[in-house]
$ cat model19.csv   # CSV, C-alpha atoms
chain,number,residue,atom,x,y,z
A,1,MET,CA,-119.4,28.3,-114.4
A,2,SER,CA,-121.1,25.6,-116.4
A,3,GLY,CA,-118.0,24.9,-118.5
A,4,ASP,CA,-118.7,23.7,-122.0
A,5,ALA,CA,-120.6,20.7,-123.3
A,6,HIS,CA,-117.5,18.5,-123.3
A,7,HIS,CA,-116.0,19.7,-120.1
A,8,PRO,CA,-118.8,20.6,-117.7
A,9,ALA,CA,-117.9,22.2,-114.4
A,10,PRO,CA,-118.2,19.9,-111.4
A,11,MET,CA,-121.7,19.7,-110.0
A,12,ALA,CA,-122.0,21.6,-106.7
A,13,PRO,CA,-122.7,19.2,-103.8
A,14,VAL,CA,-126.4,18.7,-103.2
A,15,GLU,CA,-126.3,20.4,-99.8
A,16,HIS,CA,-124.9,23.5,-101.4
A,17,ARG,CA,-127.5,23.5,-104.1
A,18,VAL,CA,-130.3,23.2,-101.5
A,19,ALA,CA,-128.7,26.0,-99.5
A,20,ALA,CA,-128.4,28.2,-102.6
A,21,LEU,CA,-132.0,27.8,-103.6
A,22,GLU,CA,-133.2,28.3,-100.1
A,23,ALA,CA,-131.2,31.5,-99.6
A,24,LEU,CA,-132.4,33.0,-102.9
A,25,LEU,CA,-136.1,32.1,-102.2
A,26,THR,CA,-135.8,33.4,-98.7
A,27,GLU,CA,-134.4,36.7,-99.8
A,28,ARG,CA,-137.4,37.1,-102.1
A,29,GLY,CA,-139.8,36.4,-99.2
A,30,LEU,CA,-141.0,33.1,-100.5
A,31,VAL,CA,-140.0,30.9,-97.6
A,32,PRO,CA,-141.7,32.2,-94.5
A,33,ASP,CA,-140.0,31.8,-91.1
A,34,GLY,CA,-140.2,28.3,-89.8
A,35,PHE,CA,-141.9,27.0,-93.0
A,36,ILE,CA,-139.3,24.3,-93.6
A,37,GLU,CA,-139.0,23.3,-90.0
A,38,GLU,CA,-142.7,22.9,-89.7
A,39,ILE,CA,-143.0,20.6,-92.7
A,40,THR,CA,-140.1,18.4,-91.6
A,41,ARG,CA,-141.4,18.2,-88.0
A,42,ARG,CA,-144.9,17.2,-89.2
A,43,TYR,CA,-143.7,14.3,-91.3
A,44,GLU,CA,-141.2,13.2,-88.7
A,45,THR,CA,-143.6,13.1,-85.8
A,46,GLU,CA,-147.3,13.3,-86.7
A,47,ILE,CA,-147.8,11.7,-90.1
A,48,GLY,CA,-146.5,8.2,-90.5
A,49,PRO,CA,-147.4,4.5,-90.6
A,50,MET,CA,-148.6,4.6,-87.0
A,51,ASN,CA,-151.7,6.2,-88.4
A,52,GLY,CA,-152.3,3.5,-90.9
A,53,ALA,CA,-151.7,0.9,-88.2
A,54,ARG,CA,-154.6,2.4,-86.2
A,55,VAL,CA,-156.9,2.1,-89.2
A,56,VAL,CA,-155.9,-1.6,-89.7
A,57,ALA,CA,-156.3,-2.3,-86.0
A,58,ARG,CA,-159.8,-0.8,-86.0
A,59,ALA,CA,-160.8,-2.8,-89.0
A,60,TRP,CA,-159.6,-6.0,-87.3
A,61,ALA,CA,-161.4,-5.2,-84.1
A,62,ASP,CA,-164.7,-3.9,-85.6
A,63,PRO,CA,-166.3,-5.7,-88.5
A,64,ALA,CA,-168.7,-2.8,-89.2
A,65,TYR,CA,-165.8,-0.4,-89.5
A,66,LYS,CA,-164.0,-2.9,-91.8
A,67,GLN,CA,-167.0,-3.0,-94.0
A,68,ARG,CA,-167.1,0.8,-94.2
A,69,LEU,CA,-163.4,0.9,-94.8
A,70,LEU,CA,-163.6,-1.4,-97.8
A,71,ALA,CA,-166.6,0.4,-99.2
A,72,ASP,CA,-165.4,4.0,-98.8
A,73,GLY,CA,-161.8,4.1,-97.6
A,74,THR,CA,-161.5,7.9,-97.6
A,75,ALA,CA,-164.6,8.4,-95.3
A,76,ALA,CA,-163.7,5.5,-93.0
A,77,ILE,CA,-160.1,6.7,-92.6
A,78,ALA,CA,-161.3,10.3,-91.9
A,79,GLU,CA,-163.4,8.9,-89.1
A,80,LEU,CA,-160.1,8.4,-87.3
A,81,GLY,CA,-159.0,11.9,-88.1
A,82,PHE,CA,-156.6,11.0,-91.0
A,83,ASP,CA,-157.0,13.2,-94.0
A,84,GLY,CA,-155.0,15.6,-96.1
A,85,PRO,CA,-152.8,15.8,-99.2
A,86,GLU,CA,-152.4,12.4,-101.0
A,87,GLY,CA,-155.2,11.0,-98.9
A,88,HIS,CA,-158.4,12.5,-100.5
A,89,HIS,CA,-159.2,9.4,-102.6
A,90,MET,CA,-158.4,6.3,-100.6
A,91,VAL,CA,-159.0,2.7,-101.7
A,92,VAL,CA,-158.3,0.0,-99.2
A,93,VAL,CA,-157.6,-3.5,-100.6
A,94,GLU,CA,-157.9,-6.6,-98.5
A,95,ASN,CA,-155.5,-9.4,-98.2
A,96,THR,CA,-156.9,-12.9,-97.8
A,97,PRO,CA,-155.2,-16.3,-97.8
A,98,ALA,CA,-155.9,-16.5,-101.5
A,99,VAL,CA,-155.3,-12.9,-102.6
A,100,HIS,CA,-152.2,-10.7,-101.9
A,101,ASN,CA,-152.2,-7.0,-102.7
A,102,VAL,CA,-149.2,-4.7,-103.2
A,103,ILE,CA,-148.9,-1.1,-104.1
A,104,VAL,CA,-146.4,0.7,-106.3
A,105,CYS,CA,-146.1,4.0,-108.3
A,106,THR,CA,-144.2,3.3,-111.5
A,107,LEU,CA,-144.2,6.9,-112.7
A,108,CYS,CA,-143.1,8.7,-109.5
A,109,SER,CA,-143.7,8.1,-105.8
A,110,CYS,CA,-147.5,8.3,-105.1
A,111,TYR,CA,-148.2,7.1,-101.6
A,112,PRO,CA,-150.9,7.6,-99.1
A,113,TRP,CA,-149.3,10.3,-96.9
A,114,PRO,CA,-152.0,10.7,-94.2
A,115,THR,CA,-151.9,7.0,-93.3
A,116,LEU,CA,-148.4,5.9,-94.2
A,117,GLY,CA,-146.4,9.1,-94.1
A,118,LEU,CA,-143.7,9.8,-96.7
A,119,PRO,CA,-142.6,6.8,-98.7
A,120,PRO,CA,-139.3,5.0,-97.8
A,121,ALA,CA,-136.4,5.5,-100.2
A,122,TRP,CA,-136.6,2.0,-101.8
A,123,TYR,CA,-140.3,2.6,-102.8
A,124,LYS,CA,-139.2,5.6,-104.9
A,125,ASP,CA,-136.1,4.0,-106.3
A,126,PRO,CA,-136.0,2.5,-109.8
A,127,PRO,CA,-135.6,-1.2,-108.9
A,128,TYR,CA,-138.9,-1.4,-107.0
A,129,ARG,CA,-140.9,0.8,-109.5
A,130,ALA,CA,-139.5,-1.2,-112.5
A,131,ARG,CA,-139.9,-4.7,-111.2
A,132,MET,CA,-143.1,-4.7,-109.1
A,133,VAL,CA,-145.3,-4.6,-112.1
A,134,ARG,CA,-143.2,-7.1,-114.1
A,135,GLU,CA,-142.2,-9.8,-111.7
A,136,PRO,CA,-144.1,-9.2,-108.5
A,137,ARG,CA,-143.9,-12.9,-107.3
A,138,ALA,CA,-140.2,-13.0,-107.7
A,139,LEU,CA,-139.6,-9.6,-106.2
A,140,LEU,CA,-141.9,-10.2,-103.2
A,141,ALA,CA,-140.0,-13.5,-102.5
A,142,GLU,CA,-136.7,-11.6,-102.8
A,143,MET,CA,-138.0,-9.0,-100.2
A,144,GLY,CA,-138.9,-11.8,-97.8
A,145,CYS,CA,-142.6,-12.0,-98.5
A,146,GLU,CA,-143.3,-15.6,-99.2
A,147,LEU,CA,-146.7,-16.4,-100.6
A,148,PRO,CA,-148.4,-19.7,-101.3
A,149,GLY,CA,-147.6,-20.6,-104.9
A,150,ASP,CA,-151.2,-20.4,-106.0
A,151,ALA,CA,-152.0,-17.1,-104.3
A,152,GLU,CA,-153.3,-14.5,-106.6
A,153,ILE,CA,-151.3,-11.3,-106.7
A,154,ARG,CA,-152.9,-7.9,-107.3
A,155,VAL,CA,-150.5,-5.1,-108.0
A,156,TRP,CA,-152.0,-1.5,-107.8
A,157,ASP,CA,-150.0,1.1,-109.8
A,158,SER,CA,-151.1,4.5,-108.3
A,159,SER,CA,-151.0,6.4,-111.6
A,160,ALA,CA,-154.0,8.7,-111.1
A,161,GLU,CA,-155.6,10.3,-108.0
A,162,VAL,CA,-156.4,7.2,-105.9
A,163,ARG,CA,-154.0,6.2,-103.2
A,164,TYR,CA,-154.0,2.7,-101.9
A,165,LEU,CA,-153.7,1.1,-98.5
A,166,VAL,CA,-153.3,-2.7,-98.0
A,167,LEU,CA,-155.4,-4.3,-95.2
A,168,PRO,CA,-153.2,-7.1,-94.1
A,169,GLU,CA,-154.6,-10.3,-92.6
A,170,ARG,CA,-154.9,-10.4,-88.8
A,171,PRO,CA,-152.2,-12.6,-87.6
A,172,PRO,CA,-152.9,-15.7,-85.5
A,173,GLY,CA,-152.4,-15.3,-81.7
A,174,THR,CA,-153.9,-11.8,-81.5
A,175,GLU,CA,-157.3,-12.8,-80.1
A,176,GLY,CA,-158.2,-10.8,-77.1
A,177,MET,CA,-155.7,-8.0,-77.9
A,178,SER,CA,-156.8,-4.4,-77.4
A,179,GLU,CA,-156.9,-2.1,-80.4
A,180,ALA,CA,-153.8,-0.4,-79.3
A,181,GLU,CA,-152.0,-3.7,-79.0
A,182,LEU,CA,-153.2,-4.8,-82.4
A,183,ALA,CA,-151.9,-1.5,-83.9
A,184,GLY,CA,-148.5,-2.4,-82.5
A,185,CYS,CA,-148.5,-5.6,-84.7
A,186,VAL,CA,-149.0,-3.7,-88.0
A,187,SER,CA,-145.9,-2.9,-89.9
A,188,ARG,CA,-145.5,-0.3,-92.6
A,189,ASP,CA,-144.4,-2.9,-95.1
A,190,SER,CA,-147.6,-5.0,-94.5
A,191,MET,CA,-149.7,-2.0,-95.5
A,192,ILE,CA,-147.6,-1.5,-98.7
A,193,GLY,CA,-148.0,-5.2,-99.3
A,194,VAL,CA,-144.3,-6.2,-99.3
A,195,ALA,CA,-144.7,-8.2,-96.1
A,196,ARG,CA,-147.3,-10.4,-94.5
A,197,LEU,CA,-147.9,-10.5,-90.7
B,1,VAL,CA,-143.0,12.2,-122.9
B,2,ASP,CA,-141.4,8.8,-122.9
B,3,GLY,CA,-139.0,9.8,-120.1
B,4,ILE,CA,-136.7,8.0,-117.7
B,5,HIS,CA,-139.3,8.4,-114.9
B,6,ASP,CA,-141.6,5.9,-116.7
B,7,LEU,CA,-139.9,2.8,-115.2
B,8,GLY,CA,-142.6,0.2,-115.1
B,9,GLY,CA,-141.3,-3.1,-116.5
B,10,MET,CA,-137.7,-1.9,-117.2
B,11,GLN,CA,-135.1,-4.6,-116.7
B,12,GLY,CA,-131.6,-4.7,-115.3
B,13,PHE,CA,-132.0,-2.8,-112.1
B,14,GLY,CA,-131.2,-5.6,-109.6
B,15,ALA,CA,-132.2,-5.9,-106.0
B,16,VAL,CA,-134.4,-3.5,-104.1
B,17,ASP,CA,-132.4,-1.9,-101.3
B,18,HIS,CA,-135.0,-2.6,-98.7
B,19,SER,CA,-135.0,-1.9,-95.0
B,20,PRO,CA,-138.0,-2.4,-92.9
B,21,ALA,CA,-137.4,0.9,-91.0
B,22,GLU,CA,-135.6,4.0,-92.0
B,23,PRO,CA,-135.7,7.6,-91.0
B,24,VAL,CA,-138.2,9.9,-92.8
B,25,PHE,CA,-135.3,12.1,-93.9
B,26,HIS,CA,-131.8,10.5,-94.2
B,27,GLU,CA,-130.1,13.9,-94.2
B,28,PRO,CA,-131.3,17.4,-93.1
B,29,TRP,CA,-131.1,18.7,-96.7
B,30,GLU,CA,-133.7,16.2,-97.8
B,31,GLY,CA,-136.4,17.7,-95.6
B,32,ARG,CA,-135.4,21.2,-96.8
B,33,ALA,CA,-135.5,20.2,-100.5
B,34,ARG,CA,-138.9,18.7,-100.0
B,35,ALA,CA,-140.2,21.9,-98.3
B,36,LEU,CA,-138.6,24.1,-101.0
B,37,LEU,CA,-140.6,22.3,-103.7
B,38,GLU,CA,-143.7,23.0,-101.8
B,39,ALA,CA,-142.7,26.6,-101.4
B,40,VAL,CA,-142.0,27.1,-105.1
B,41,SER,CA,-145.1,25.1,-106.3
B,42,GLY,CA,-147.2,27.2,-104.1
B,43,ALA,CA,-145.6,30.5,-105.1
B,44,VAL,CA,-146.0,29.8,-108.9
B,45,GLN,CA,-149.4,28.0,-108.5
B,46,ALA,CA,-148.0,24.9,-110.3
B,47,SER,CA,-150.5,22.1,-110.8
B,48,GLY,CA,-149.6,18.6,-109.9
B,49,GLY,CA,-149.0,17.9,-113.5
B,50,GLU,CA,-146.6,20.8,-114.0
B,51,THR,CA,-144.7,19.9,-110.9
B,52,ARG,CA,-144.3,16.2,-111.8
B,53,HIS,CA,-143.3,17.1,-115.4
B,54,SER,CA,-140.5,19.3,-114.0
B,55,ILE,CA,-139.0,16.1,-112.5
B,56,GLU,CA,-139.7,14.0,-115.6
B,57,ARG,CA,-137.7,16.4,-117.7
B,58,MET,CA,-134.5,15.8,-115.8
B,59,ASP,CA,-131.5,14.5,-117.7
B,60,PRO,CA,-131.9,10.7,-117.6
B,61,GLY,CA,-128.3,10.1,-116.3
B,62,HIS,CA,-128.8,12.6,-113.5
B,63,TYR,CA,-132.3,11.1,-112.7
B,64,LEU,CA,-130.9,7.6,-112.3
B,65,THR,CA,-127.9,8.6,-110.2
B,66,SER,CA,-129.6,10.9,-107.7
B,67,SER,CA,-132.0,10.3,-104.8
B,68,TYR,CA,-135.6,11.2,-104.9
B,69,TYR,CA,-135.1,14.4,-102.9
B,70,GLU,CA,-132.5,15.5,-105.3
B,71,HIS,CA,-135.2,15.1,-108.0
B,72,TRP,CA,-137.4,17.4,-105.8
B,73,LEU,CA,-134.6,20.0,-105.5
B,74,THR,CA,-134.0,19.9,-109.2
B,75,ALA,CA,-137.7,20.3,-109.8
B,76,ALA,CA,-138.0,23.2,-107.4
B,77,ALA,CA,-135.0,25.0,-109.0
B,78,THR,CA,-136.3,24.4,-112.5
B,79,LEU,CA,-139.8,25.8,-111.7
B,80,ALA,CA,-138.3,28.7,-109.9
B,81,VAL,CA,-136.2,29.6,-113.0
B,82,GLU,CA,-139.0,29.0,-115.5
B,83,HIS,CA,-141.3,31.3,-113.5
B,84,GLY,CA,-138.7,34.0,-113.2
B,85,LEU,CA,-138.1,33.7,-109.4
B,86,VAL,CA,-134.4,33.1,-109.7
B,87,SER,CA,-131.8,32.8,-112.5
B,88,PRO,CA,-129.6,29.8,-113.3
B,89,GLU,CA,-126.5,32.1,-112.9
B,90,GLU,CA,-127.5,33.1,-109.4
B,91,LEU,CA,-128.1,29.5,-108.4
B,92,GLU,CA,-124.7,28.4,-109.7
B,93,ALA,CA,-122.9,31.4,-108.1
B,94,ARG,CA,-124.5,30.7,-104.7
B,95,ALA,CA,-124.0,26.9,-104.9
B,96,GLY,CA,-120.4,27.3,-106.0
B,97,GLY,CA,-120.6,24.9,-108.9
B,98,ARG,CA,-122.8,23.5,-111.6
B,99,PHE,CA,-126.5,23.4,-110.7
B,100,PRO,CA,-128.3,21.1,-113.2
B,101,LEU,CA,-131.8,21.9,-114.1
B,102,SER,CA,-134.4,19.9,-116.0
B,103,GLY,CA,-134.6,20.1,-119.8
B,104,PRO,CA,-137.1,22.2,-121.7
B,105,VAL,CA,-140.8,21.5,-122.2
B,106,HIS,CA,-141.3,19.9,-125.6
B,107,ALA,CA,-145.1,20.0,-125.7
B,108,PRO,CA,-146.8,23.0,-127.2
B,109,PRO,CA,-148.8,25.1,-124.7
B,110,VAL,CA,-152.4,23.9,-124.5
B,111,ALA,CA,-154.6,26.9,-125.4
B,112,ASP,CA,-157.9,25.1,-125.4
B,113,ALA,CA,-158.5,22.3,-123.0
B,114,GLY,CA,-161.5,21.0,-125.0
B,115,PRO,CA,-164.8,19.9,-123.6
B,116,GLY,CA,-164.8,17.6,-120.6
B,117,ALA,CA,-165.6,14.0,-121.3
B,118,GLY,CA,-169.0,14.3,-119.6
B,119,GLU,CA,-170.4,11.0,-118.6
B,120,PRO,CA,-167.9,8.2,-118.1
B,121,ARG,CA,-167.7,6.1,-121.3
B,122,PHE,CA,-167.0,2.9,-119.5
B,123,ALA,CA,-168.3,0.9,-116.6
B,124,PRO,CA,-166.9,-1.8,-114.4
B,125,GLY,CA,-166.6,-5.0,-116.5
B,126,ASP,CA,-166.0,-3.2,-119.8
B,127,ARG,CA,-163.1,-4.3,-121.9
B,128,VAL,CA,-160.9,-1.4,-122.9
B,129,ARG,CA,-157.7,-0.9,-124.8
B,130,VAL,CA,-155.1,1.8,-123.9
B,131,ARG,CA,-154.3,4.2,-126.8
B,132,GLU,CA,-151.0,3.6,-128.4
B,133,TRP,CA,-149.5,7.1,-128.5
B,134,HIS,CA,-146.5,9.0,-127.4
B,135,PRO,CA,-147.4,12.5,-126.4
B,136,PRO,CA,-144.4,15.0,-126.2
B,137,GLY,CA,-145.6,16.4,-122.9
B,138,HIS,CA,-146.7,15.2,-119.5
B,139,THR,CA,-149.0,12.2,-119.2
B,140,ARG,CA,-150.0,9.7,-116.5
B,141,CYS,CA,-150.4,6.8,-118.9
B,142,PRO,CA,-147.4,4.5,-118.4
B,143,CYS,CA,-145.7,3.1,-121.5
B,144,TYR,CA,-145.9,-0.5,-120.4
B,145,ILE,CA,-149.7,-0.7,-120.9
B,146,ARG,CA,-150.0,1.3,-124.1
B,147,GLY,CA,-151.8,-0.7,-126.8
B,148,LYS,CA,-152.8,-3.4,-124.2
B,149,ALA,CA,-156.3,-4.5,-123.4
B,150,GLY,CA,-157.7,-4.8,-119.9
B,151,VAL,CA,-160.9,-4.7,-117.9
B,152,VAL,CA,-162.4,-1.8,-116.0
B,153,VAL,CA,-162.7,-2.7,-112.3
B,154,ARG,CA,-163.6,0.6,-110.7
B,155,LEU,CA,-164.8,4.1,-111.6
B,156,ASP,CA,-163.1,6.8,-109.5
B,157,GLY,CA,-165.1,10.0,-110.3
B,158,THR,CA,-163.8,12.8,-112.5
B,159,HIS,CA,-160.4,14.5,-112.1
B,160,SER,CA,-158.4,17.1,-113.9
B,161,VAL,CA,-156.5,15.6,-116.9
B,162,PRO,CA,-152.8,15.9,-116.1
B,163,ASP,CA,-151.8,16.1,-119.8
B,164,ILE,CA,-153.7,19.4,-120.0
B,165,GLU,CA,-153.0,20.9,-116.6
B,166,ALA,CA,-149.2,20.4,-117.0
B,167,HIS,CA,-149.2,22.7,-120.0
B,168,SER,CA,-152.0,25.1,-119.4
B,169,THR,CA,-153.9,27.1,-116.9
B,170,ALA,CA,-157.0,25.6,-118.5
B,171,ARG,CA,-158.5,22.4,-117.0
B,172,ARG,CA,-160.4,19.4,-118.5
B,173,TYR,CA,-162.1,17.0,-116.2
B,174,GLU,CA,-162.7,13.4,-117.1
B,175,ALA,CA,-163.6,10.1,-115.5
B,176,THR,CA,-160.8,8.0,-114.2
B,177,TYR,CA,-160.9,4.2,-113.9
B,178,SER,CA,-158.9,1.4,-112.4
B,179,VAL,CA,-158.1,-1.0,-115.3
B,180,ARG,CA,-157.0,-4.6,-114.6
B,181,PHE,CA,-154.4,-6.2,-116.9
B,182,ASP,CA,-153.3,-9.8,-116.9
B,183,ALA,CA,-149.5,-9.7,-116.3
B,184,ALA,CA,-149.1,-12.6,-118.8
B,185,SER,CA,-150.6,-10.4,-121.5
B,186,LEU,CA,-148.3,-7.5,-120.6
B,187,TRP,CA,-145.0,-9.4,-120.5
B,188,ARG,CA,-145.7,-12.6,-122.6
B,189,ASP,CA,-143.8,-14.6,-120.1
B,190,GLY,CA,-146.4,-17.1,-119.0
B,191,GLN,CA,-146.7,-15.9,-115.4
B,192,ARG,CA,-150.1,-16.9,-113.9
B,193,GLY,CA,-152.4,-15.4,-111.3
B,194,VAL,CA,-150.9,-11.9,-111.4
B,195,TRP,CA,-153.1,-8.9,-112.1
B,196,VAL,CA,-151.7,-5.4,-112.6
B,197,HIS,CA,-154.1,-2.5,-112.0
B,198,VAL,CA,-153.4,0.9,-113.5
B,199,ASP,CA,-155.5,4.0,-112.9
B,200,LEU,CA,-156.3,5.8,-116.1
B,201,TRP,CA,-158.2,8.9,-117.4
B,202,ASP,CA,-161.0,8.4,-119.9
B,203,SER,CA,-159.2,9.8,-122.9
B,204,TYR,CA,-156.3,7.3,-122.5
B,205,LEU,CA,-158.7,4.5,-123.4
B,206,GLU,CA,-160.7,3.2,-126.3
B,207,PRO,CA,-163.3,0.4,-126.4
B,208,ALA,CA,-161.7,-3.1,-127.0
$ encode --input "model19.csv" --output "structure tokens"
Amino acid sequence: MSGDAHHPAPMAPVEHRVAALEALLTERGLVPDGFIEEITRRYETEIGPMNGARVVARAWADPAYKQRLLADGTAAIAELGFDGPEGHHMVVVENTPAVHNVIVCTLCSCYPWPTLGLPPAWYKDPPYRARMVREPRALLAEMGCELPGDAEIRVWDSSAEVRYLVLPERPPGTEGMSEAELAGCVSRDSMIGVARL
Amino acid sequence: VDGIHDLGGMQGFGAVDHSPAEPVFHEPWEGRARALLEAVSGAVQASGGETRHSIERMDPGHYLTSSYYEHWLTAAATLAVEHGLVSPEELEARAGGRFPLSGPVHAPPVADAGPGAGEPRFAPGDRVRVREWHPPGHTRCPCYIRGKAGVVVRLDGTHSVPDIEAHSTARRYEATYSVRFDAASLWRDGQRGVWVHVDLWDSYLEPA
């Protein structure tokens, strides 16, 4: 079926390859009933950037919480009930008018699942991973994130166990908003650092 | 290994195909592929290092022309074959066509993880240089900082060294640090006010 080195057989479509592996593993009892559906359901409905938005909104509304969040991100995020794989060692980096933070994983796709969910496709694709450490100012501008020319940029390459969350600046005009309303202002991109609010 | 996954700083890729909102899974098979890698990694007790390395060993052409969940599928199938859960022939017969797997491991198995590094050798503010080396196996030290000097900005506790755990059931625990590099010193292009931070295990570093 594999043909020879010069004339390889056509690759099976990816859906067929997934189905083949799934069927073989299921026959061997390695995929419990409902396992796949439960994982996809969880990431489609429970774990996503709405969690990170609640963390950011709390930090904007409560200065003591913000202090704890910047001092020990993992513990402060767990206060709101967000914990789990890819969230055990959280560091929160704060944007200010003079400093802009942005996160990347050049080696794979490391991303803070409990607060941001699974990473978007572009975060895992080669252009973002290749360019964000080499020309972040140009790439941010290209992605629509305009910074003052003298703003310092801090890129965080998640190459070990820490996962990062950007704390964006609270936008003007949000005074008097409730925490829930504030959370509604927070975009996923602002917590990755490819957008400002 | 100096693999295709180690993308930091590579040129020629063009624009980021960015959309502010997108579905978690674009196609149903993506969620299934993701779950299958979890199932296989769990069944064979693969460490994070071994799992990542099974993606890093993909054929470079296939890696660059397939989506991330196809990487996960390829990793799941590769680990399943390497641990004897399924055979390549079965996979191809069921799939009805070629089922590419990742290439072989080139690193020798690690029999002895060596002693842990003990106390962290560095503290925030210390100047360090990244070792200039090219291990044949898994590592979490990106190519673009090897040989470069930076400053430790944070100590993150001790963690299992991926270079060991990918190739062994033994474990070595070392301090990890966040190290800050001036982008101008990485790329020699005169950019200013840009700092790139990379998180690194103790043995990746030497005093500078």
$ residues_near_point --input "model19.csv" --point "(-157.1, 15.8, -98.6)" --cutoff "12 Å" --atoms "only C-alpha atoms" --output "MDAnalysis selection string"
chainID A and resid 74:75 77:78 81:90 112:115 161:163
$ closest_residue --input "model19.csv" --among "B:Ser47, B:Ser87, B:Ser54, B:Thr65" --to "Pro104 in chain B" --atoms "all atoms listed in the file"
B:Ser54
$ closest_residue --input "model19.csv" --among "B:Arg127, B:His138, B:Arg121, B:Arg172" --to "chain A" --atoms "all atoms listed in the file"
B:His138
$ closest_residue --input "model19.csv" --among "A:Pro119, A:Gly173, A:Gly184, A:Pro32" --to "Val40 in chain B" --atoms "all atoms listed in the file"
A:Pro32
$ closest_residue --input "model19.csv" --among "B:Arg98, B:Arg57, B:Arg32, B:Arg140" --to "Asp163 in chain B" --atoms "only C-alpha atoms"
B:Arg140
$ atom_distance --input "model19.csv" --atom1 "CA of Glu79 in chain A" --atom2 "CA of Thr40 in chain A"
25.3 Å
$ closest_atom_pairs --input "model19.csv" --of "chain A" --to "chain B" --cutoff "7 Å" --atoms "only C-alpha atoms" --output "Markdown table"
| residue | atom | partner | partner_atom | distance |
| --- | --- | --- | --- | --- |
| A:Met1 | CA | B:Arg98 | CA | 6.5 |
| A:Ser2 | CA | B:Arg98 | CA | 5.5 |
| A:Ala9 | CA | B:Arg98 | CA | 5.8 |
| A:Pro10 | CA | B:Arg98 | CA | 5.8 |
| A:Met11 | CA | B:Arg98 | CA | 4.3 |
| A:Ala12 | CA | B:Gly97 | CA | 4.2 |
| A:Glu15 | CA | B:Trp29 | CA | 6.0 |
| A:His16 | CA | B:Ala95 | CA | 5.0 |
| A:Arg17 | CA | B:Ala95 | CA | 4.9 |
| A:Val18 | CA | B:Ala33 | CA | 6.1 |
| A:Ala20 | CA | B:Arg94 | CA | 5.1 |
| A:Leu21 | CA | B:Leu91 | CA | 6.4 |
| A:Glu22 | CA | B:Leu36 | CA | 6.9 |
| A:Leu30 | CA | B:Ala39 | CA | 6.8 |
| A:Val31 | CA | B:Ala39 | CA | 6.3 |
| A:Ile36 | CA | B:Ala35 | CA | 5.4 |
| A:Ile39 | CA | B:Ala35 | CA | 6.4 |
| A:Thr40 | CA | B:Gly31 | CA | 5.5 |
| A:Glu44 | CA | B:Val24 | CA | 6.1 |
| A:Thr106 | CA | B:Gly8 | CA | 5.0 |
| A:Leu107 | CA | B:Asp6 | CA | 4.9 |
| A:Cys108 | CA | B:His5 | CA | 6.6 |
| A:Leu118 | CA | B:Val24 | CA | 6.7 |
| A:Pro120 | CA | B:Glu22 | CA | 7.0 |
| A:Trp122 | CA | B:Asp17 | CA | 5.8 |
| A:Lys124 | CA | B:Tyr68 | CA | 6.7 |
| A:Pro126 | CA | B:Leu7 | CA | 6.7 |
| A:Pro127 | CA | B:Phe13 | CA | 5.1 |
| A:Tyr128 | CA | B:Val16 | CA | 5.8 |
| A:Arg129 | CA | B:Gly8 | CA | 5.9 |
| A:Ala130 | CA | B:Gly8 | CA | 4.3 |
| A:Arg131 | CA | B:Gly9 | CA | 5.7 |
| A:Val133 | CA | B:Gly9 | CA | 6.1 |
| A:Arg134 | CA | B:Gly9 | CA | 5.0 |
| A:Glu152 | CA | B:Gly193 | CA | 4.9 |
| A:Ile153 | CA | B:Val194 | CA | 4.8 |
| A:Arg154 | CA | B:Trp195 | CA | 4.9 |
| A:Val155 | CA | B:Val196 | CA | 4.8 |
| A:Trp156 | CA | B:His197 | CA | 4.8 |
| A:Asp157 | CA | B:Val198 | CA | 5.0 |
| A:Ser158 | CA | B:Asp199 | CA | 6.4 |
| A:Ser159 | CA | B:Asp199 | CA | 5.3 |
| A:Ala160 | CA | B:Asp199 | CA | 5.3 |
| A:Asp189 | CA | B:Pro20 | CA | 6.8 |
$ closest_residue --input "model19.csv" --among "B:Val152, B:Ala46, B:Ala111, B:Met58" --to "Val130 in chain B" --atoms "all atoms listed in the file"
B:Val152
$ closest_residue --input "model19.csv" --among "A:Met191, A:Thr96, A:Glu146, A:Leu197" --to "Thr174 in chain A" --atoms "all atoms listed in the file"
A:Leu197
$ atom_distance --input "model19.csv" --atom1 "CA of Trp72 in chain B" --atom2 "CA of Leu37 in chain B"
6.2 Å
$ decode --input "model19.csv" --residues "range 75-80 of chain A" --atoms "N, CA and C atoms" --output "compact mmCIF listing (two decimals), in the first residue's frame"
# COMPACT_ATOMS: atom_id res chain seq x y z
N ALA A 75 -2.30 30.74 41.81
CA ALA A 75 -3.19 30.76 42.98
C ALA A 75 -4.36 31.71 42.76
N ALA A 76 -4.08 32.88 42.21
CA ALA A 76 -5.16 33.87 42.04
C ALA A 76 -6.18 33.38 41.01
N ILE A 77 -5.71 32.73 39.96
CA ILE A 77 -6.63 32.20 38.94
C ILE A 77 -7.46 31.06 39.53
N ALA A 78 -6.83 30.25 40.38
CA ALA A 78 -7.55 29.15 41.02
C ALA A 78 -8.65 29.67 41.96
N GLU A 79 -8.47 30.88 42.50
CA GLU A 79 -9.53 31.47 43.33
C GLU A 79 -10.85 31.53 42.58
N LEU A 80 -10.77 31.73 41.27
CA LEU A 80 -12.00 31.80 40.46
C LEU A 80 -12.40 30.43 39.93
